[in-house]
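Here is the structure we will look at, set down as structure tokens.
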Amino acid sequence: MRSSKVFKTLDEQIDILRSKGLIVSDVDKTKQILLRENYFFISGYRHLFMNSYNSSTFIEGTKFEELYATFVFDRQMRNIYFKHILVIENNIKSLISYVLSRKYGFKEKDYLNANNFNQDPMKARQVHDVLDKMKRQIRVNGKQHSATVHYANNYGYIPLWILVKVLSFGIVSELYTILKDEDKEEIANIYHIDVESLSIYLSILSNYRNLCAHEDILYDHKTQRVIPDTKYHYQLNIEKEDEEYIYGKNDLYSVIIIMKQMLSSEEFRNLVYEIGYEIDVLDGKIDVLPLDTILNKISFPSNWRDIININ
């Protein structure tokens with residue numbers, strides 16, 4: 001059994017980092033950062049600078065400032081990804097609410113009717129579960145959101161285009177999977193994406209959205225679901241291993257490929273510029289690692305920016 005973790009003072013935290021080979025020059029500044037940001041969160045980025053994955057010692061010459069720069073970089077990446085995923089979240093909520101409201105009605109008793117969704121007996125339980133989640137959101141969050149309260153009090157119902165405001169991206173992602181095939185296709189066609197791909201995209205975006213919202217480590221996160229191969233993988237000539245692309249399948253770059261297809265051209269261009277700026281800033285602050293090593297760790301191909309020019 002491992003010994004239990006005990007409280008460490010700031011001086012003890014610095015001693016631990018130094019014992020692993022990290023250079024700490026400005027002790028007072030390092031203490032301020034550790035106190036403000038949390039030793040545990042910052043040390044979560046140490047693997048990038050270790051001699052090997054199983055090693056507990058830093059690459060010779062690694063400075064605390066480089067470790068902290070990686071922590072700040074990940075925070076900036078979370079902020080960038082989060083705001084662009086929110087755009088897609090709003091878009092897909094708008095599309096789903098429009099399609100369903102136009103076709104099935106705009107009162108809860110109409111659009112939450114199980115007959116409006118996939119009738120495959122194998123999906124009956126899933127349909128039931130998702131609709132139950134939506135009804136629960138009406139009961140719980142419907143009384144807290146000004147728009148839902150307004151409609152409930154003044155009209156006696158909450159239209160779907162208002163309800164989606166209080167639905168999580170996860171529930172909306174599940175909602176898409178239980179739609180009738182023709183409704184799925186209508187929405188997917190707007191993005192020029194096939195139905196199965198869009199279903200996977202929404203699931204992955206929801207996963208990353210939650211990661212960003214809860215300040216979890218982002219840069220080396222991998223999802224269980226994998227996006228299908230795309231023309232972007234092919235045209236970027238992403239390297240393969242065992243016939244599988246090594247980047248852009250269930251990682252940070254896969255989200256770039258998804259957003260290329262779901263954001264407007266201007267929105268996507270801004271995304272690439274913002275990420276490019278943060279990568280350049282990080283590259284300028286890290287001396288012990290080449291840029292390609294950093295890109296490999298965040299699962300970006302070296303020519304990652306070229307996706308902006310692929311139609």
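Ligands are numbered from 1 in the order shown, residues from 1 within each chain, and chains are lettered A, B, ... in the order they appear in the structure tokens.
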
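For A:Ala69, the residues within 8 Å (counting only C-alpha atoms, excluding itself and residues fewer than 6 positions away along the chain) are A:Leu282, A:Lys285, A:Ile286.
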
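Each of A:Leu175, A:Val99, A:Val27, A:Ile227 was checked against A:Ile190 using only C-alpha atoms; the smallest atom-to-atom distance is that of A:Val99.
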
* Contacts of A:Ser197 at 12 Å or less, counting only C-alpha atoms, minus same-chain residues fewer than 6 places along, as an NGL selection string? -> :A and (176-177 or 184-185 or 188-189 or 191 or 203-204 or 225-230 or 249 or 257-258 or 261-262)

* Structure fact -> For A:Ser254, the closest of A:Tyr208, A:Ile178, A:Asp280, A:His214 counting only C-alpha atoms is A:Tyr208

* **Surrounding residues of A:Tyr81 excluding itself and chain neighbours under 3 positions, 8 Å, only C-alpha atoms, as a list of chain:residue names** => A:Met77, A:Arg78, A:His84, A:Ile85, A:Arg209, A:Cys212

* Asked: Which residues, written as a PyMOL selection string, have at least one atom at most 12 Å from A:Thr62, with only C-alpha atoms counted and residues fewer than 2 positions away on the same chain left out?
  -> chain A and resi 17-18+20-25+46-51+57-60+64-69+285-289

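Nearest to A:Ser264 of all the residues A:Ser97, A:Glu12, A:Ser19, A:Ile308 is A:Ile308, counting only C-alpha atoms.
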